[in-house]
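Colleague: Just so it is clear, I am handing over coords_32.cif, which has mmCIF, C-alpha atoms (C1' of nucleotides).
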data_protein
loop_
_atom_site.label_atom_id
_atom_site.label_comp_id
_atom_site.auth_asym_id
_atom_site.auth_seq_id
_atom_site.Cartn_x
_atom_site.Cartn_y
_atom_site.Cartn_z
CA MET A 1 106.64 59.66 64.12
CA GLN A 2 107.49 56.00 64.17
CA ASN A 3 105.22 55.15 67.09
CA LEU A 4 102.09 56.33 65.32
CA ASP A 5 103.03 54.38 62.22
CA THR A 6 103.31 51.12 64.10
CA ALA A 7 100.26 51.78 66.26
CA PHE A 8 97.93 52.66 63.40
CA SER A 9 99.11 49.87 61.16
CA ALA A 10 98.80 47.41 64.02
CA LEU A 11 95.20 48.57 64.43
CA ALA A 12 94.55 48.31 60.69
CA ASP A 13 94.36 44.53 60.73
CA PRO A 14 90.98 43.01 61.65
CA THR A 15 92.52 39.96 63.29
CA ARG A 16 94.61 42.16 65.53
CA ARG A 17 91.61 44.30 66.44
CA ALA A 18 89.73 41.11 67.28
CA ILE A 19 92.63 40.05 69.48
CA LEU A 20 92.52 43.39 71.26
CA ALA A 21 88.76 43.08 71.69
CA ARG A 22 89.28 39.67 73.23
CA LEU A 23 91.94 41.03 75.54
CA ALA A 24 89.52 43.77 76.57
CA LEU A 25 87.72 40.98 78.42
CA GLY A 26 90.91 40.05 80.24
CA GLU A 27 94.23 38.30 79.96
CA ALA A 28 94.64 35.40 77.54
CA THR A 29 97.39 33.03 76.46
CA VAL A 30 98.53 32.56 72.87
CA MET A 31 96.55 29.36 72.40
CA GLU A 32 93.45 30.87 73.97
CA LEU A 33 93.72 33.61 71.38
CA ALA A 34 94.53 31.28 68.50
CA ASN A 35 91.64 28.86 69.04
CA PRO A 36 88.65 31.07 68.22
CA PHE A 37 90.31 32.40 65.09
CA GLU A 38 90.65 30.04 62.17
CA MET A 39 94.32 30.63 62.03
CA THR A 40 97.50 28.79 62.90
CA GLN A 41 99.39 29.43 66.10
CA PRO A 42 102.43 30.94 64.35
CA ALA A 43 100.21 33.44 62.63
CA VAL A 44 98.76 34.54 65.96
CA SER A 45 102.24 34.71 67.46
CA ARG A 46 103.27 37.11 64.74
CA HIS A 47 100.21 39.28 65.27
CA LEU A 48 100.99 39.41 68.97
CA LYS A 49 104.53 40.44 68.18
CA VAL A 50 103.20 43.29 66.06
CA LEU A 51 100.81 44.38 68.81
CA GLU A 52 103.59 44.21 71.38
CA GLY A 53 105.92 46.16 69.11
CA ALA A 54 103.25 48.83 68.78
CA GLY A 55 102.97 49.04 72.57
CA LEU A 56 99.36 47.91 72.51
CA ILE A 57 99.81 44.77 74.58
CA VAL A 58 102.20 43.49 77.23
CA ARG A 59 103.09 39.92 78.11
CA ARG A 60 104.30 38.11 81.18
CA VAL A 61 105.92 34.74 81.56
CA GLU A 62 104.04 32.07 83.48
CA GLY A 63 105.85 28.78 83.15
CA THR A 64 105.54 27.80 79.54
CA LYS A 65 102.69 30.25 78.92
CA ARG A 66 102.91 33.90 77.87
CA PRO A 67 99.65 35.52 78.92
CA CYS A 68 98.92 38.79 77.13
CA ARG A 69 96.96 41.78 78.29
CA LEU A 70 96.18 45.26 77.03
CA ALA A 71 98.94 47.78 77.65
CA PRO A 72 97.58 50.49 79.96
CA ASN A 73 98.76 53.43 77.83
CA GLY A 74 98.84 51.66 74.49
CA ILE A 75 96.55 54.02 72.65
CA ALA A 76 97.79 57.22 74.24
CA ALA A 77 99.75 58.43 71.22
CA VAL A 78 96.94 57.52 68.87
CA ASP A 79 94.41 59.29 71.10
CA GLN A 80 96.57 62.38 71.20
CA TRP A 81 96.95 62.54 67.44
CA LEU A 82 93.26 62.02 66.85
CA ALA A 83 92.50 64.73 69.40
CA MET A 84 94.38 67.14 67.15
CA LEU A 85 92.10 66.24 64.25
CA ARG A 86 88.98 66.49 66.38
CA GLU A 87 90.03 69.91 67.59
CA ALA A 88 90.68 71.07 64.03
CA LEU A 89 87.25 69.86 62.99
CA ALA A 90 85.65 71.68 65.90
CA GLN A 91 87.49 74.88 64.97
CA ASN A 92 86.43 74.56 61.36
CA TYR A 93 82.90 74.13 62.60
CA ASN A 94 83.17 77.26 64.69
CA ARG A 95 84.60 79.14 61.73
CA LEU A 96 81.62 78.02 59.68
CA ASP A 97 79.43 79.25 62.51
CA GLU A 98 81.09 82.64 62.32
CA VAL A 99 80.63 82.77 58.59
CA LEU A 100 76.98 81.94 58.92
CA ALA A 101 76.58 84.50 61.70
CA ALA A 102 78.35 87.20 59.69
CA MET A 103 76.18 86.66 56.68
CA GLN A 104 73.61 89.34 56.06
CA PRO A 105 70.29 87.61 56.38
CA GLU A 106 69.18 88.47 52.86
CA THR A 107 65.52 87.60 52.60
CA GLY A 108 64.45 85.03 50.06
CA LYS A 109 67.88 83.51 49.37
CA ASP A 110 67.83 79.72 49.52
CA MET A 111 70.68 78.44 51.61
CA PRO A 112 71.53 74.75 51.84
CA MET B 1 84.41 45.77 59.75
CA GLN B 2 85.61 47.10 56.44
CA ASN B 3 85.32 50.74 57.42
CA LEU B 4 87.73 50.41 60.32
CA ASP B 5 90.20 48.58 58.12
CA THR B 6 90.34 51.35 55.58
CA ALA B 7 90.33 54.12 58.18
CA PHE B 8 93.12 52.70 60.29
CA SER B 9 95.29 51.76 57.35
CA ALA B 10 94.74 55.19 55.82
CA LEU B 11 95.98 56.66 59.09
CA ALA B 12 98.96 54.33 59.20
CA ASP B 13 100.88 56.20 56.51
CA PRO B 14 102.91 59.22 57.67
CA THR B 15 102.39 61.13 54.43
CA ARG B 16 98.65 60.74 54.75
CA ARG B 17 98.72 61.88 58.37
CA ALA B 18 100.74 64.90 57.29
CA ILE B 19 98.13 65.64 54.64
CA LEU B 20 95.40 65.44 57.27
CA ALA B 21 97.40 67.71 59.56
CA ARG B 22 97.71 70.20 56.73
CA LEU B 23 93.98 70.00 56.05
CA ALA B 24 93.38 70.64 59.73
CA LEU B 25 94.49 74.19 58.92
CA GLY B 26 91.90 74.45 56.18
CA GLU B 27 91.01 73.45 52.67
CA ALA B 28 93.77 72.81 50.12
CA THR B 29 94.07 71.79 46.49
CA VAL B 30 96.04 68.81 45.26
CA MET B 31 99.01 70.92 44.17
CA GLU B 32 99.01 72.86 47.43
CA LEU B 33 99.29 69.54 49.18
CA ALA B 34 101.87 68.11 46.82
CA ASN B 35 104.30 71.05 46.97
CA PRO B 36 105.47 70.86 50.59
CA PHE B 37 106.01 67.11 50.37
CA GLU B 38 108.88 65.96 48.24
CA MET B 39 106.62 63.79 46.24
CA THR B 40 105.10 63.75 42.77
CA GLN B 41 101.55 64.86 42.12
CA PRO B 42 100.30 61.39 41.15
CA ALA B 43 101.55 60.01 44.46
CA VAL B 44 99.60 62.66 46.35
CA SER B 45 96.53 62.01 44.21
CA ARG B 46 96.66 58.37 45.22
CA HIS B 47 96.99 59.23 48.88
CA LEU B 48 94.00 61.51 48.58
CA LYS B 49 92.03 58.75 46.97
CA VAL B 50 92.86 56.49 49.89
CA LEU B 51 91.83 59.17 52.39
CA GLU B 52 88.62 59.81 50.51
CA GLY B 53 87.88 56.08 50.33
CA ALA B 54 88.35 55.90 54.08
CA GLY B 55 85.87 58.74 54.56
CA LEU B 56 88.50 60.95 56.14
CA ILE B 57 88.35 63.75 53.58
CA VAL B 58 85.83 65.16 51.11
CA ARG B 59 86.44 67.05 47.90
CA ARG B 60 84.54 69.56 45.86
CA VAL B 61 84.95 70.64 42.26
CA GLU B 62 86.00 74.20 41.61
CA GLY B 63 86.77 74.67 37.95
CA THR B 64 89.82 72.56 37.28
CA LYS B 65 90.70 72.34 40.98
CA ARG B 66 89.55 69.77 43.50
CA PRO B 67 89.95 71.34 46.93
CA CYS B 68 90.03 68.84 49.80
CA ARG B 69 88.92 69.28 53.38
CA LEU B 70 88.55 67.09 56.42
CA ALA B 71 85.37 65.05 56.51
CA PRO B 72 83.32 66.15 59.51
CA ASN B 73 82.66 62.66 60.84
CA GLY B 74 85.70 60.95 59.36
CA ILE B 75 87.12 59.59 62.56
CA ALA B 76 83.80 58.70 64.17
CA ALA B 77 84.13 54.95 63.65
CA VAL B 78 87.73 54.99 64.77
CA ASP B 79 86.85 57.02 67.84
CA GLN B 80 84.07 54.63 68.72
CA TRP B 81 86.27 51.59 68.43
CA LEU B 82 89.02 53.15 70.50
CA ALA B 83 86.46 54.15 73.11
CA MET B 84 85.73 50.46 73.57
CA LEU B 85 89.40 49.81 74.32
CA ARG B 86 89.63 52.77 76.67
CA GLU B 87 86.59 51.57 78.55
CA ALA B 88 88.04 48.09 78.86
CA LEU B 89 91.26 49.50 80.22
CA ALA B 90 89.36 51.61 82.73
CA GLN B 91 87.41 48.56 83.86
CA ASN B 92 90.58 46.55 84.22
CA TYR B 93 91.97 49.40 86.26
CA ASN B 94 88.90 49.38 88.49
CA ARG B 95 89.23 45.66 88.92
CA LEU B 96 92.81 46.19 90.02
CA ASP B 97 91.53 48.82 92.42
CA GLU B 98 89.15 46.31 93.93
CA VAL B 99 91.92 43.80 94.31
CA LEU B 100 94.10 46.35 96.05
CA ALA B 101 91.21 47.44 98.26
CA ALA B 102 90.42 43.87 99.21
CA MET B 103 93.99 43.19 100.26
CA GLN B 104 94.57 43.08 104.00
CA PRO B 105 96.61 46.19 104.75
CA GLU B 106 99.59 44.39 106.24
CA THR B 107 101.73 46.98 107.97
CA GLY B 108 105.21 47.67 106.71
CA LYS B 109 104.70 46.28 103.23
CA ASP B 110 106.02 48.60 100.52
CA MET B 111 103.43 49.08 97.88
CA PRO B 112 104.14 50.94 94.64
"C1'" DT C 1 91.72 77.77 18.82
"C1'" DA C 2 96.29 76.73 21.00
"C1'" DG C 3 98.73 76.48 24.96
"C1'" DT C 4 98.82 75.96 29.82
"C1'" DT C 5 97.29 74.44 34.32
"C1'" DA C 6 95.16 71.04 37.53
"C1'" DT C 7 94.24 66.57 38.27
"C1'" DA C 8 93.54 61.60 37.23
"C1'" DT C 9 94.82 57.13 35.48
"C1'" DA C 10 97.88 53.31 33.81
"C1'" DA C 11 101.92 50.58 33.77
"C1'" DA C 12 105.84 48.96 36.14
"C1'" DC C 13 108.63 47.97 40.09
"C1'" DA C 14 110.56 47.56 44.77
"C1'" DA C 15 109.44 46.87 49.40
"C1'" DT C 16 106.39 45.12 52.92
"C1'" DA C 17 103.11 42.12 54.97
"C1'" DA C 18 100.26 38.07 56.05
"C1'" DA C 19 99.76 33.42 55.74
"C1'" DT C 20 101.38 28.50 55.86
"C1'" DT C 21 104.42 24.51 56.81
"C1'" DA C 22 108.21 22.89 59.14
"C1'" DT C 23 111.22 23.07 62.94
"C1'" DA C 24 113.28 24.73 67.37
"C1'" DT C 25 113.10 25.75 72.36
"C1'" DA C 26 111.75 25.22 76.83
"C1'" DA C 27 108.90 24.02 80.69
"C1'" DC C 28 105.78 20.70 82.69
"C1'" DG C 29 103.97 15.97 84.11
"C1'" DA C 30 104.25 10.93 84.23
"C1'" DT D 1 114.15 10.94 81.58
"C1'" DC D 2 110.51 10.97 77.96
"C1'" DG D 3 106.72 12.61 75.90
"C1'" DT D 4 103.64 16.46 75.66
"C1'" DT D 5 102.26 21.20 75.78
"C1'" DA D 6 103.06 26.17 74.83
"C1'" DT D 7 105.30 29.26 72.16
"C1'" DA D 8 108.81 31.10 68.93
"C1'" DT D 9 111.47 31.27 64.67
"C1'" DA D 10 112.69 30.32 59.75
"C1'" DA D 11 111.70 29.63 55.02
"C1'" DT D 12 108.53 30.31 51.45
"C1'" DT D 13 104.71 32.11 48.88
"C1'" DT D 14 101.23 35.34 47.62
"C1'" DA D 15 99.14 39.79 47.97
"C1'" DT D 16 99.34 44.61 48.90
"C1'" DT D 17 101.37 49.12 49.05
"C1'" DG D 18 103.93 53.22 47.82
"C1'" DT D 19 106.35 55.17 44.39
"C1'" DT D 20 107.79 56.86 39.69
"C1'" DT D 21 107.30 57.88 34.74
"C1'" DA D 22 104.28 58.51 31.10
"C1'" DT D 23 99.95 59.76 29.39
"C1'" DA D 24 95.00 61.28 29.43
"C1'" DT D 25 91.25 64.53 30.49
"C1'" DA D 26 89.27 68.74 31.17
"C1'" DA D 27 88.93 73.47 32.25
"C1'" DC D 28 90.84 77.98 32.07
"C1'" DT D 29 93.61 81.85 29.29
"C1'" DA D 30 95.47 84.45 25.71
#
Could you spell out this file's structure in structure tokens?

Modeller:
Amino acid sequence: MQNLDTAFSALADPTRRAILARLALGEATVMELANPFEMTQPAVSRHLKVLEGAGLIVRRVEGTKRPCRLAPNGIAAVDQWLAMLREALAQNYNRLDEVLAAMQPETGKDMP
Amino acid sequence: MQNLDTAFSALADPTRRAILARLALGEATVMELANPFEMTQPAVSRHLKVLEGAGLIVRRVEGTKRPCRLAPNGIAAVDQWLAMLREALAQNYNRLDEVLAAMQPETGKDMP
DNA sequence: TAGTTATATAAACAATAAATTATATAACGA
DNA sequence: TCGTTATATAATTTATTGTTTATATAACTA
């Protein structure tokens, strides 16, 4: 699934996660994002393009500025996929529970 | 945070996600994982190494086999980070709610 | 012990990605 | 209109990643 590829690899970069964390506080322009990071403006522009392509942020036009904000449903696909893993882990845990419950409680056996 | 880097970039590869999805059904050896994918065994071994390095899977030794399974808390860090984003989005949504609530309800205006 | 099976590691290569510098576009303000 | 500000794009370089083939290790099996 292409969407998951782009979303996860967008999230894999620490600068992009920092940008998202900044946007969690509210809208910001490209320069407002570029300043705190020791990084050139073109570099930040590219990161924003990646985040936009992954559906994690949206931008509007305000004169010469392009304020960015978090996309409301940006992490939906990622959440859904991870939910599958979580569910599988929970089921495995339950299965382990069953195994432990089914075991004859043989006295004196040391079980880790 | 190094852990998030490795976890997210491990999840960014579709083959590795497919491996995790397979392991969601239960333990599997390297060859059991390699067969369904049209991919050589060394390639799968490398993917498994990446997943193990990211803390997403664990392996045990069973004779000459190395069965893999999902790591119980593998996605904990990822979950936690994404929870931050979700919370931020919810807060932004509440803020929007406040704005809408504070607006004078001018009659006849069409509001989406 | 010899052969086979299961996995890991190394070397090599193509493709991708992140960064920088330099330059383009386009709106604003004097 | 001219200079400045905000952002985007292009070209280039360096680093990383995913893959394959070839080879190594190590445990079963006959």

Colleague: RMSD over all C-alpha atoms, chain B superposed on chain A in order?

Modeller: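 Between these identical-sequence chains, the C-alpha RMSD is 0.7 Å.
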
Colleague: Identify every residue of chain A that has at least one atom within 7 Å of any atom of chain C, counting only C-alpha atoms (C1' of nucleotides), and report the result as a list in words.

Modeller: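 Written out as asked, the residues are Ala43, Gly63 and Thr64 of chain A.
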
Colleague: What residues come out when you apply the PyMOL selection byres ((chain A) within 12 of (chain D)) to this file, written as a PDB file with C-alpha atoms, keeping the file's coordinate frame?

Modeller:
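Below you can see result-v9.pdb, which holds the result:
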ATOM      1  CA  THR A  29      97.390  33.030  76.460  1.00  0.00           C
ATOM      2  CA  VAL A  30      98.530  32.560  72.870  1.00  0.00           C
ATOM      3  CA  MET A  31      96.550  29.360  72.400  1.00  0.00           C
ATOM      4  CA  GLU A  32      93.450  30.870  73.970  1.00  0.00           C
ATOM      5  CA  ALA A  34      94.530  31.280  68.500  1.00  0.00           C
ATOM      6  CA  GLN A  41      99.390  29.430  66.100  1.00  0.00           C
ATOM      7  CA  PRO A  42     102.430  30.940  64.350  1.00  0.00           C
ATOM      8  CA  ALA A  43     100.210  33.440  62.630  1.00  0.00           C
ATOM      9  CA  VAL A  44      98.760  34.540  65.960  1.00  0.00           C
ATOM     10  CA  SER A  45     102.240  34.710  67.460  1.00  0.00           C
ATOM     11  CA  ARG A  46     103.270  37.110  64.740  1.00  0.00           C
ATOM     12  CA  LEU A  48     100.990  39.410  68.970  1.00  0.00           C
ATOM     13  CA  LYS A  49     104.530  40.440  68.180  1.00  0.00           C
ATOM     14  CA  VAL A  61     105.920  34.740  81.560  1.00  0.00           C
ATOM     15  CA  GLU A  62     104.040  32.070  83.480  1.00  0.00           C
ATOM     16  CA  GLY A  63     105.850  28.780  83.150  1.00  0.00           C
ATOM     17  CA  THR A  64     105.540  27.800  79.540  1.00  0.00           C
ATOM     18  CA  LYS A  65     102.690  30.250  78.920  1.00  0.00           C
ATOM     19  CA  ARG A  66     102.910  33.900  77.870  1.00  0.00           C
ATOM     20  CA  PRO A  67      99.650  35.520  78.920  1.00  0.00           C
TER      21      PRO A  67
END

Colleague: Quick one: apply the PyMOL selection byres ((chain B) within 9 of (chain A)) to the file and drop the selected residues here as a ChimeraX atom specification.

Modeller: /B:1-2,4-14,20-21,23-26,70-73,75,79,82,84-93

Colleague: Go ahead and write the residues just picked, C-alpha atoms, as a short mmCIF file (atom, residue, chain, number, x, y, z; two decimals), in the frame of the given file.

Modeller:
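Result written to result.cif:
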data_model
loop_
_atom_site.label_atom_id
_atom_site.label_comp_id
_atom_site.auth_asym_id
_atom_site.auth_seq_id
_atom_site.Cartn_x
_atom_site.Cartn_y
_atom_site.Cartn_z
CA MET B 1 84.41 45.77 59.75
CA GLN B 2 85.61 47.10 56.44
CA LEU B 4 87.73 50.41 60.32
CA ASP B 5 90.20 48.58 58.12
CA THR B 6 90.34 51.35 55.58
CA ALA B 7 90.33 54.12 58.18
CA PHE B 8 93.12 52.70 60.29
CA SER B 9 95.29 51.76 57.35
CA ALA B 10 94.74 55.19 55.82
CA LEU B 11 95.98 56.66 59.09
CA ALA B 12 98.96 54.33 59.20
CA ASP B 13 100.88 56.20 56.51
CA PRO B 14 102.91 59.22 57.67
CA LEU B 20 95.40 65.44 57.27
CA ALA B 21 97.40 67.71 59.56
CA LEU B 23 93.98 70.00 56.05
CA ALA B 24 93.38 70.64 59.73
CA LEU B 25 94.49 74.19 58.92
CA GLY B 26 91.90 74.45 56.18
CA LEU B 70 88.55 67.09 56.42
CA ALA B 71 85.37 65.05 56.51
CA PRO B 72 83.32 66.15 59.51
CA ASN B 73 82.66 62.66 60.84
CA ILE B 75 87.12 59.59 62.56
CA ASP B 79 86.85 57.02 67.84
CA LEU B 82 89.02 53.15 70.50
CA MET B 84 85.73 50.46 73.57
CA LEU B 85 89.40 49.81 74.32
CA ARG B 86 89.63 52.77 76.67
CA GLU B 87 86.59 51.57 78.55
CA ALA B 88 88.04 48.09 78.86
CA LEU B 89 91.26 49.50 80.22
CA ALA B 90 89.36 51.61 82.73
CA GLN B 91 87.41 48.56 83.86
CA ASN B 92 90.58 46.55 84.22
CA TYR B 93 91.97 49.40 86.26
#

Colleague: Just how far from atom CA of B:Arg16 is atom CA of B:Leu33, in Å to one decimal?

Modeller: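 According to the coordinates, atom CA of B:Leu33 and atom CA of B:Arg16 are separated by 10.4 Å.
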
Colleague: Figure out the distance between atom CA of B:Gln80 and atom CA of A:Val50, please, to one decimal in Å.

Modeller: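 Interatomic distance, atom CA of A:Val50 to atom CA of B:Gln80: 22.4 Å.
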
Colleague: One decimal, in Å: what's the spacing between atom CA of A:Thr15 and atom CA of A:Glu52?

Modeller: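 Going from atom CA of A:Thr15 over to atom CA of A:Glu52 covers 14.4 Å.
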